[in-house]
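Asker: Provided herewith: query.pdb, PDB, C-alpha atoms and all ligand atoms.
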ATOM      1  CA  MET J  20       1.644   5.459 -23.739
ATOM      2  CA  LEU J  21      -1.058   5.994 -21.143
ATOM      3  CA  VAL J  22       0.203   7.455 -17.858
ATOM      4  CA  LEU J  23      -1.690   5.822 -14.996
ATOM      5  CA  ASP J  24      -2.139   8.918 -12.854
ATOM      6  CA  GLY J  25      -2.434   7.780  -9.256
ATOM      7  CA  LYS J  26      -2.405  11.337  -7.993
ATOM      8  CA  LYS J  27      -5.479  12.214 -10.033
ATOM      9  CA  LEU J  28      -7.308   9.004  -9.024
ATOM     10  CA  SER J  29      -6.465   9.698  -5.417
ATOM     11  CA  GLN J  30      -7.996  13.192  -5.743
ATOM     12  CA  ASP J  31     -11.158  11.696  -7.274
ATOM     13  CA  ILE J  32     -11.496   9.180  -4.437
ATOM     14  CA  LYS J  33     -10.799  11.931  -1.894
ATOM     15  CA  GLU J  34     -13.791  13.848  -3.234
ATOM     16  CA  GLU J  35     -15.935  10.694  -3.047
ATOM     17  CA  LEU J  36     -14.832  10.103   0.542
ATOM     18  CA  LYS J  37     -15.563  13.716   1.553
ATOM     19  CA  VAL J  38     -19.141  13.297   0.347
ATOM     20  CA  LYS J  39     -19.508  10.042   2.304
ATOM     21  CA  VAL J  40     -18.105  11.577   5.496
ATOM     22  CA  ASP J  41     -20.444  14.565   5.160
ATOM     23  CA  LEU J  42     -23.387  12.172   4.836
ATOM     24  CA  ILE J  43     -22.261  10.267   7.952
ATOM     25  CA  LYS J  44     -21.916  13.533   9.891
ATOM     26  CA  ALA J  45     -25.312  14.783   8.718
ATOM     27  CA  ALA J  46     -26.911  11.517   9.865
ATOM     28  CA  GLY J  47     -25.201  11.802  13.291
ATOM     29  CA  GLY J  48     -23.070   8.712  12.602
ATOM     30  CA  LYS J  49     -19.540   7.933  13.750
ATOM     31  CA  VAL J  50     -16.779   9.967  12.106
ATOM     32  CA  PRO J  51     -14.002   7.530  11.088
ATOM     33  CA  HIS J  52     -11.018   7.697  13.444
ATOM     34  CA  LEU J  53      -7.583   6.468  12.328
ATOM     35  CA  VAL J  54      -4.597   6.274  14.673
ATOM     36  CA  ALA J  55      -1.040   6.074  13.362
ATOM     37  CA  VAL J  56       1.747   4.807  15.609
ATOM     38  CA  LEU J  57       5.193   6.002  14.580
ATOM     39  CA  VAL J  58       8.260   4.723  16.423
ATOM     40  CA  GLY J  59      11.383   6.866  16.128
ATOM     41  CA  GLU J  60      12.302   9.529  13.620
ATOM     42  CA  ASN J  61      12.927   7.672  10.319
ATOM     43  CA  PRO J  62      12.461  10.493   7.748
ATOM     44  CA  ALA J  63      10.676   8.326   5.146
ATOM     45  CA  SER J  64       8.319   6.884   7.794
ATOM     46  CA  LYS J  65       7.618  10.375   9.159
ATOM     47  CA  SER J  66       6.769  11.561   5.683
ATOM     48  CA  TYR J  67       4.431   8.594   4.995
ATOM     49  CA  VAL J  68       2.659   9.006   8.328
ATOM     50  CA  GLY J  69       2.369  12.757   7.702
ATOM     51  CA  ASN J  70       0.661  12.030   4.372
ATOM     52  CA  LYS J  71      -1.804   9.687   6.077
ATOM     53  CA  ILE J  72      -2.699  12.239   8.772
ATOM     54  CA  ARG J  73      -3.064  15.018   6.175
ATOM     55  CA  PHE J  74      -5.358  12.853   4.054
ATOM     56  CA  CYS J  75      -7.554  12.211   7.118
ATOM     57  CA  GLU J  76      -7.866  15.943   7.720
ATOM     58  CA  GLU J  77      -8.743  16.576   4.077
ATOM     59  CA  VAL J  78     -11.593  14.069   4.004
ATOM     60  CA  GLY J  79     -12.898  14.931   7.463
ATOM     61  CA  TYR J  80     -11.769  11.865   9.428
ATOM     62  CA  LYS J  81     -10.497  12.169  12.956
ATOM     63  CA  SER J  82      -6.824  11.211  13.201
ATOM     64  CA  THR J  83      -4.350  10.757  16.027
ATOM     65  CA  LEU J  84      -0.584  10.428  15.769
ATOM     66  CA  ILE J  85       1.242   8.542  18.510
ATOM     67  CA  ASN J  86       4.967   9.217  18.128
ATOM     68  CA  ALA J  87       6.912   6.882  20.393
ATOM     69  CA  SER J  88      10.610   7.227  21.044
ATOM     70  CA  GLU J  89      13.107   5.046  19.129
ATOM     71  CA  ASP J  90      14.048   3.258  22.365
ATOM     72  CA  ILE J  91      10.515   2.289  23.431
ATOM     73  CA  SER J  92      10.528  -1.323  24.668
ATOM     74  CA  GLU J  93       8.533  -4.048  22.962
ATOM     75  CA  ASP J  94       6.355  -4.377  26.078
ATOM     76  CA  GLU J  95       5.621  -0.652  26.128
ATOM     77  CA  LEU J  96       4.615  -0.771  22.469
ATOM     78  CA  LEU J  97       2.408  -3.813  23.179
ATOM     79  CA  THR J  98       0.687  -1.788  25.916
ATOM     80  CA  ILE J  99      -0.071   1.015  23.433
ATOM     81  CA  ILE J 100      -1.515  -1.617  21.087
ATOM     82  CA  GLN J 101      -3.674  -3.137  23.807
ATOM     83  CA  ASP J 102      -5.030   0.326  24.651
ATOM     84  CA  LEU J 103      -5.875   0.931  20.973
ATOM     85  CA  ASN J 104      -7.578  -2.472  20.763
ATOM     86  CA  ASP J 105      -9.675  -1.590  23.833
ATOM     87  CA  ASP J 106     -10.547   1.976  22.798
ATOM     88  CA  GLU J 107     -13.981   1.782  21.196
ATOM     89  CA  GLU J 108     -13.591   5.264  19.789
ATOM     90  CA  VAL J 109     -10.694   4.103  17.555
ATOM     91  CA  ASP J 110     -11.925   2.453  14.354
ATOM     92  CA  GLY J 111      -8.603   1.472  12.855
ATOM     93  CA  TYR J 112      -4.897   1.957  13.409
ATOM     94  CA  ILE J 113      -1.554   1.291  11.830
ATOM     95  CA  VAL J 114       1.915   0.773  13.250
ATOM     96  CA  GLN J 115       4.280   2.272  10.704
ATOM     97  CA  LEU J 116       7.017  -0.117   9.545
ATOM     98  CA  PRO J 117       9.933  -0.653   9.736
ATOM     99  CA  LEU J 118      10.238  -0.858  13.526
ATOM    100  CA  PRO J 119      13.578  -0.594  15.370
ATOM    101  CA  LYS J 120      15.544  -3.874  15.388
ATOM    102  CA  HIS J 121      14.888  -4.646  19.073
ATOM    103  CA  ILE J 122      11.147  -4.958  18.347
ATOM    104  CA  ASP J 123       9.705  -8.106  16.766
ATOM    105  CA  GLU J 124       7.438  -6.853  13.965
ATOM    106  CA  MET J 125       5.449 -10.089  13.752
ATOM    107  CA  LYS J 126       4.771 -10.063  17.502
ATOM    108  CA  ILE J 127       3.389  -6.544  17.148
ATOM    109  CA  ASN J 128       1.362  -7.523  14.076
ATOM    110  CA  LEU J 129      -0.208 -10.472  15.920
ATOM    111  CA  ALA J 130      -1.155  -8.227  18.866
ATOM    112  CA  ILE J 131      -3.242  -5.927  16.659
ATOM    113  CA  ASP J 132      -6.981  -6.617  16.802
ATOM    114  CA  TYR J 133      -7.663  -7.837  13.250
ATOM    115  CA  ARG J 134     -10.944  -5.897  13.259
ATOM    116  CA  LYS J 135      -8.907  -2.662  13.527
ATOM    117  CA  ASP J 136      -6.052  -3.811  11.249
ATOM    118  CA  VAL J 137      -6.631  -1.341   8.428
ATOM    119  CA  ASP J 138      -3.136  -2.173   7.093
ATOM    120  CA  GLY J 139      -4.407  -5.691   6.379
ATOM    121  CA  PHE J 140      -1.163  -7.255   7.680
ATOM    122  CA  HIS J 141      -2.663  -9.517  10.381
ATOM    123  CA  PRO J 142      -2.829 -13.221   9.382
ATOM    124  CA  MET J 143      -6.621 -13.130   9.811
ATOM    125  CA  ASN J 144      -6.930 -10.480   7.095
ATOM    126  CA  PHE J 145      -4.187 -12.021   4.969
ATOM    127  CA  GLY J 146      -5.810 -15.464   5.233
ATOM    128  CA  ARG J 147      -9.276 -14.149   4.420
ATOM    129  CA  MET J 148      -7.802 -12.356   1.391
ATOM    130  CA  ALA J 149      -6.226 -15.623   0.192
ATOM    131  CA  GLU J 150      -9.573 -17.396   0.676
ATOM    132  CA  GLY J 151     -11.342 -14.745  -1.428
ATOM    133  CA  MET J 152     -13.346 -13.504   1.584
ATOM    134  CA  SER J 153     -13.932  -9.850   2.484
ATOM    135  CA  SER J 154     -11.025  -8.403   4.477
ATOM    136  CA  TYR J 155      -8.909  -5.309   4.892
ATOM    137  CA  LEU J 156      -6.599  -5.497   1.883
ATOM    138  CA  PRO J 157      -3.026  -4.259   2.390
ATOM    139  CA  ALA J 158      -2.830  -0.694   1.145
ATOM    140  CA  THR J 159      -0.300  -0.970  -1.679
ATOM    141  CA  PRO J 160      -1.856  -4.018  -3.404
ATOM    142  CA  ALA J 161      -5.326  -2.519  -2.888
ATOM    143  CA  GLY J 162      -4.118   0.750  -4.453
ATOM    144  CA  ILE J 163      -2.748  -1.153  -7.461
ATOM    145  CA  MET J 164      -6.063  -3.009  -7.878
ATOM    146  CA  GLU J 165      -7.890   0.331  -7.753
ATOM    147  CA  ILE J 166      -5.619   1.742 -10.512
ATOM    148  CA  LEU J 167      -6.164  -1.311 -12.740
ATOM    149  CA  ASP J 168      -9.897  -1.168 -12.106
ATOM    150  CA  ARG J 169     -10.445   2.567 -12.605
ATOM    151  CA  TYR J 170      -8.297   2.641 -15.766
ATOM    152  CA  ASP J 171     -10.156  -0.438 -17.019
ATOM    153  CA  ILE J 172      -6.935  -2.358 -17.690
ATOM    154  CA  ASP J 173      -7.787  -5.795 -19.061
ATOM    155  CA  THR J 174      -6.188  -8.386 -16.772
ATOM    156  CA  ASP J 175      -8.281 -11.390 -17.758
ATOM    157  CA  GLY J 176      -6.050 -14.295 -18.807
ATOM    158  CA  LYS J 177      -3.001 -12.017 -18.966
ATOM    159  CA  HIS J 178       0.437 -13.073 -17.837
ATOM    160  CA  CYS J 179       1.507 -10.942 -14.898
ATOM    161  CA  VAL J 180       5.032 -10.951 -13.524
ATOM    162  CA  VAL J 181       5.408  -9.597  -9.996
ATOM    163  CA  VAL J 182       8.976  -8.823  -8.989
ATOM    164  CA  GLY J 183       9.525  -8.909  -5.221
ATOM    165  CA  ARG J 184       7.956 -11.282  -2.676
ATOM    166  CA  SER J 185       7.468  -9.044   0.370
ATOM    167  CA  ASN J 186       4.593  -9.726   2.751
ATOM    168  CA  ILE J 187       3.181  -6.273   2.191
ATOM    169  CA  VAL J 188       3.346  -5.955  -1.613
ATOM    170  CA  GLY J 189       4.653  -8.753  -3.844
ATOM    171  CA  THR J 190       3.037 -11.761  -2.198
ATOM    172  CA  PRO J 191      -0.422 -10.220  -1.658
ATOM    173  CA  ILE J 192      -0.647  -8.629  -5.137
ATOM    174  CA  SER J 193       0.291 -12.002  -6.670
ATOM    175  CA  ILE J 194      -2.639 -13.564  -4.793
ATOM    176  CA  LEU J 195      -5.078 -10.758  -5.674
ATOM    177  CA  LEU J 196      -4.254 -10.821  -9.389
ATOM    178  CA  SER J 197      -4.557 -14.584  -9.608
ATOM    179  CA  ARG J 198      -7.931 -14.604  -7.780
ATOM    180  CA  LYS J 199     -11.172 -14.881  -9.697
ATOM    181  CA  GLY J 200     -12.650 -11.498 -10.591
ATOM    182  CA  ARG J 201     -11.974  -8.120 -12.097
ATOM    183  CA  PRO J 202      -9.177  -7.085 -11.829
ATOM    184  CA  GLY J 203      -7.825 -10.620 -11.552
ATOM    185  CA  ASN J 204      -7.863 -13.887 -13.497
ATOM    186  CA  CYS J 205      -4.166 -13.407 -14.337
ATOM    187  CA  THR J 206      -1.587 -16.119 -14.710
ATOM    188  CA  VAL J 207       0.958 -14.888 -12.188
ATOM    189  CA  THR J 208       4.690 -15.433 -11.900
ATOM    190  CA  LEU J 209       6.214 -14.251  -8.626
ATOM    191  CA  ALA J 210       9.865 -13.472  -9.333
ATOM    192  CA  HIS J 211      12.417 -12.556  -6.657
ATOM    193  CA  SER J 212      16.114 -12.320  -5.866
ATOM    194  CA  ARG J 213      16.625 -16.080  -6.403
ATOM    195  CA  THR J 214      14.826 -16.200  -9.760
ATOM    196  CA  LYS J 215      17.262 -17.626 -12.351
ATOM    197  CA  ASP J 216      16.568 -15.393 -15.349
ATOM    198  CA  ILE J 217      14.478 -12.395 -14.404
ATOM    199  CA  LYS J 218      14.828 -10.791 -17.836
ATOM    200  CA  ALA J 219      13.388 -13.890 -19.542
ATOM    201  CA  GLU J 220      10.465 -13.909 -17.111
ATOM    202  CA  LEU J 221       9.806 -10.179 -17.588
ATOM    203  CA  LEU J 222       9.876 -10.434 -21.384
ATOM    204  CA  ARG J 223       6.872 -12.777 -21.199
ATOM    205  CA  ALA J 224       4.837 -10.343 -19.074
ATOM    206  CA  ASP J 225       1.704  -8.538 -20.262
ATOM    207  CA  ILE J 226       1.614  -6.829 -16.866
ATOM    208  CA  ILE J 227       4.640  -6.097 -14.671
ATOM    209  CA  ILE J 228       4.411  -5.202 -10.990
ATOM    210  CA  ALA J 229       7.815  -3.946  -9.848
ATOM    211  CA  ALA J 230       8.215  -4.081  -6.063
ATOM    212  CA  ILE J 231      11.888  -4.768  -5.525
ATOM    213  CA  GLY J 232      13.136  -1.616  -3.832
ATOM    214  CA  ILE J 233      16.145  -1.206  -6.148
ATOM    215  CA  PRO J 234      16.307   2.085  -8.090
ATOM    216  CA  GLU J 235      15.613   1.597 -11.826
ATOM    217  CA  PHE J 236      16.249  -2.154 -11.649
ATOM    218  CA  ILE J 237      14.030  -2.951 -14.643
ATOM    219  CA  LYS J 238      15.449  -1.571 -17.910
ATOM    220  CA  GLY J 239      13.849  -0.994 -21.288
ATOM    221  CA  ASP J 240      15.259  -4.186 -22.817
ATOM    222  CA  MET J 241      13.558  -6.291 -20.135
ATOM    223  CA  VAL J 242      10.026  -5.275 -21.141
ATOM    224  CA  LYS J 243       7.784  -6.542 -23.939
ATOM    225  CA  GLU J 244       6.216  -4.067 -26.374
ATOM    226  CA  GLY J 245       2.752  -3.033 -25.120
ATOM    227  CA  ALA J 246       3.194  -4.205 -21.515
ATOM    228  CA  VAL J 247       1.407  -2.486 -18.629
ATOM    229  CA  VAL J 248       3.983  -1.503 -15.994
ATOM    230  CA  ILE J 249       3.110  -0.745 -12.373
ATOM    231  CA  ASP J 250       6.065   0.700 -10.446
ATOM    232  CA  VAL J 251       5.800   0.339  -6.675
ATOM    233  CA  GLY J 252       9.332   1.559  -5.939
ATOM    234  CA  ILE J 253       9.940   4.826  -4.132
ATOM    235  CA  ASN J 254      13.720   5.145  -3.890
ATOM    236  CA  ARG J 255      15.666   8.191  -2.808
ATOM    237  CA  VAL J 256      18.739   8.747  -4.960
ATOM    238  CA  GLU J 257      21.251  11.504  -4.325
ATOM    239  CA  ASP J 258      20.792  14.545  -6.526
ATOM    240  CA  ALA J 259      22.860  17.618  -5.743
ATOM    241  CA  SER J 260      20.694  19.746  -8.056
ATOM    242  CA  LYS J 261      17.690  19.337  -5.713
ATOM    243  CA  LYS J 262      17.177  21.443  -2.606
ATOM    244  CA  SER J 263      16.496  18.295  -0.561
ATOM    245  CA  GLY J 264      19.683  16.666  -1.922
ATOM    246  CA  TYR J 265      17.757  13.735  -3.367
ATOM    247  CA  ARG J 266      15.136  12.812  -5.951
ATOM    248  CA  LEU J 267      12.637   9.963  -6.052
ATOM    249  CA  VAL J 268      12.908   7.212  -8.638
ATOM    250  CA  GLY J 269      10.994   3.970  -9.028
ATOM    251  CA  ASP J 270      12.099   0.382  -9.553
ATOM    252  CA  VAL J 271      11.847   0.781 -13.349
ATOM    253  CA  ALA J 272      13.850   2.988 -15.717
ATOM    254  CA  TYR J 273      10.921   5.253 -16.620
ATOM    255  CA  ASP J 274      12.143   6.944 -19.807
ATOM    256  CA  GLU J 275      13.365   3.710 -21.442
ATOM    257  CA  ILE J 276      10.229   1.783 -20.572
ATOM    258  CA  ALA J 277       7.857   4.594 -21.549
ATOM    259  CA  GLU J 278       8.906   3.938 -25.164
ATOM    260  CA  LYS J 279       7.615   0.354 -25.021
ATOM    261  CA  ALA J 280       4.851   0.170 -22.431
ATOM    262  CA  SER J 281       1.201   0.719 -23.361
ATOM    263  CA  ALA J 282       0.508   2.123 -19.871
ATOM    264  CA  MET J 283       2.587   2.795 -16.789
ATOM    265  CA  THR J 284       2.575   4.510 -13.402
ATOM    266  CA  PRO J 285       4.957   7.414 -12.771
ATOM    267  CA  VAL J 286       7.094   7.886  -9.632
ATOM    268  CA  PRO J 287       6.132   9.981  -7.788
ATOM    269  CA  GLY J 288       2.397  10.295  -8.484
ATOM    270  CA  GLY J 289       1.546   6.681  -9.337
ATOM    271  CA  VAL J 290       1.147   3.923  -6.773
ATOM    272  CA  GLY J 291       2.269   6.096  -3.813
ATOM    273  CA  PRO J 292      -0.825   8.324  -3.503
ATOM    274  CA  MET J 293      -3.082   5.311  -4.119
ATOM    275  CA  THR J 294      -1.526   3.493  -1.172
ATOM    276  CA  VAL J 295      -2.631   6.215   1.236
ATOM    277  CA  THR J 296      -6.015   6.320  -0.486
ATOM    278  CA  ALA J 297      -6.514   2.576  -0.011
ATOM    279  CA  LEU J 298      -5.795   2.957   3.704
ATOM    280  CA  MET J 299      -8.498   5.634   3.869
ATOM    281  CA  LEU J 300     -10.982   3.320   2.120
ATOM    282  CA  ASN J 301     -10.192   0.635   4.710
ATOM    283  CA  THR J 302     -10.662   3.127   7.548
ATOM    284  CA  LEU J 303     -14.136   3.999   6.291
ATOM    285  CA  LYS J 304     -14.951   0.272   6.151
ATOM    286  CA  ALA J 305     -13.741  -0.035   9.746
ATOM    287  CA  ALA J 306     -15.921   2.848  10.928
ATOM    288  CA  THR J 307     -19.014   1.547   9.151
ATOM    289  CA  LYS J 308     -18.252  -2.034  10.265
ATOM    290  CA  GLU J 309     -18.500  -3.228   6.699
ATOM    291  CA  ILE J 310     -16.220  -6.237   7.202
ATOM    292  CA  TYR J 311     -16.363  -7.106  10.917
ATOM    293  CA  LEU J 312     -18.944  -6.179  13.547
TER     294      LEU J 312
HETATM  295  N1  LIG J 401       5.844   0.782   5.696
HETATM  296  C1  LIG J 401       5.856   0.748   4.347
HETATM  297  N2  LIG J 401       4.607   0.568   3.875
HETATM  298  C2  LIG J 401       3.796   0.490   4.941
HETATM  299  C3  LIG J 401       2.392   0.316   5.096
HETATM  300  O1  LIG J 401       1.622   0.177   4.140
HETATM  301  N3  LIG J 401       1.934   0.288   6.369
HETATM  302  C4  LIG J 401       2.750   0.402   7.436
HETATM  303  N4  LIG J 401       2.209   0.346   8.651
HETATM  304  N5  LIG J 401       4.056   0.569   7.335
HETATM  305  C5  LIG J 401       4.565   0.616   6.085
END
If you took the structure in this file and wrote it as structure tokens, what would it be?
Ligand code: GUN

Answerer:
Amino acid sequence: MLVLDGKKLSQDIKEELKVKVDLIKAAGGKVPHLVAVLVGENPASKSYVGNKIRFCEEVGYKSTLINASEDISEDELLTIIQDLNDDEEVDGYIVQLPLPKHIDEMKINLAIDYRKDVDGFHPMNFGRMAEGMSSYLPATPAGIMEILDRYDIDTDGKHCVVVGRSNIVGTPISILLSRKGRPGNCTVTLAHSRTKDIKAELLRADIIIAAIGIPEFIKGDMVKEGAVVIDVGINRVEDASKKSGYRLVGDVAYDEIAEKASAMTPVPGGVGPMTVTALMLNTLKAATKEIYL
């Protein structure tokens, strides 16, 4: 079984990005600037945003963290967004999700200038993606595509089952894998909580993308021999033997599936690091105005 090592790929891309940033600096060009907006103190969100800021520092981007209080009003957050839209020095920004319940996430998403939407969540970017046009791809699906591409996984004509229909992972990866191209050209089934017989669907899959958010939901007996398994889940489960009190597990039962899969991503160290990496690739595209002027 081939372990699809997202951590290693992420390191490789980091080195590539460092070289590109050095070239930009040497030519007197604009150093990419990413802003992350974090509302409240959600520990997982803080950790994700911390990873993004650290990655920026490592590759030589400028980064800014705006940490707003949990009780910021929707209007106040919209004002921050307007300021970021207007600030020509800011190439791209993200508003870390989830937001507190009193804030309408879609209203915030729509207020983001799509030219700075390096998360790729704005309908302009989502629509362009669906049309096969250039756009900022959402980070997790883009990271998965990068893994499939760099490990030369054959997707052409394969049957791919995506489990989970979220706007940020399941739905966009189902579109990307069914699009023409490499990776792509898959026959895609998008399974979700209302799917009648998920096991039957999974057993037909050459490629499984697990993005359900339920710890170890997919068991060994639900996977065909030789399948490629991409695990998007990052779930904290209690573990008294760990200093932190928890350990991370994915959406698939790793040890059981490792006996059957031909290739799979570990958790941690699989899709997670590639998600941050994909955001950094988008930020460079924003700074060099590769997609929008
Ligand atoms: N929350 C979970 N994943 C993401 C992501 O990719 N971007 C943002 N902004 N929030 C998230």

Asker: Could you list, as a ChimeraX atom specification, all protein and nucleic acid residues with an atom at most 6 Å from ligand LIG 401 (chain J), counting all atoms listed in the file?

Answerer: /J:113-117,138,158

Asker: What box, with edges along x, y and z, holds each listed atom of range 23-35 of chain J when 8 Å is added on every side, and can you state its centre and edge lengths in Å to one decimal, as JSON?

Answerer:
{"center_x": -8.8, "center_y": 9.8, "center_z": -8.4, "size_x": 30.2, "size_y": 24.0, "size_z": 29.1}

Asker: Name the residues captured by the PyMOL selection byres (((chain J and resi 276) around 12) and not hetatm) when it is applied to the shown file; answer as a PyMOL selection string.

Answerer: chain J and resi 20+22+227+235-250+269-275+277-285

Asker: Give me the residues within 12 Å of Lys199 in chain J as a count of residues only, counting only C-alpha atoms and dropping any in the same chain fewer than 3 places off.

Answerer: 16

Asker: Using all atoms listed in the file, can you tell me which of J:Val54, J:Leu23, J:Leu118, J:Ile32 comes closest to Leu300 in chain J?

Answerer: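 The answer is J:Ile32, which sits nearest to Leu300 in chain J.
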
Asker: To one decimal place in Å, what is the distance between CA of Leu97 in chain J and CA of Tyr112 in chain J?

Answerer: 13.5 Å

Asker: To one decimal in Å, tell me the separation between CA of Leu167 in chain J and CA of Val268 in chain J.

Answerer: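 According to the coordinates, CA of Leu167 in chain J and CA of Val268 in chain J are separated by 21.3 Å.
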
Asker: Quick one: which residues end up in the PyMOL selection byres (((chain J and resi 143) around 10) and not hetatm) for this structure, as a PyMOL selection string?

Answerer: chain J and resi 129+132-134+136+139-142+144-149+154-155

Asker: Calculate how many Å separate CA of Lys177 in chain J from CA of Leu209 in chain J, rounding to one decimal.

Answerer: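 One can read the CA of Lys177 in chain J to CA of Leu209 in chain J distance as 14.0 Å.
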
Asker: Running the PyMOL selection byres (((chain J and resi 256) around 9) and not hetatm) on this model by hand, what would come out? Give it as a list in words.

Answerer: Pro234, Asn254, Arg255, Glu257, Asp258, Gly264, Tyr265, Arg266, Leu267 and Val268 of chain J
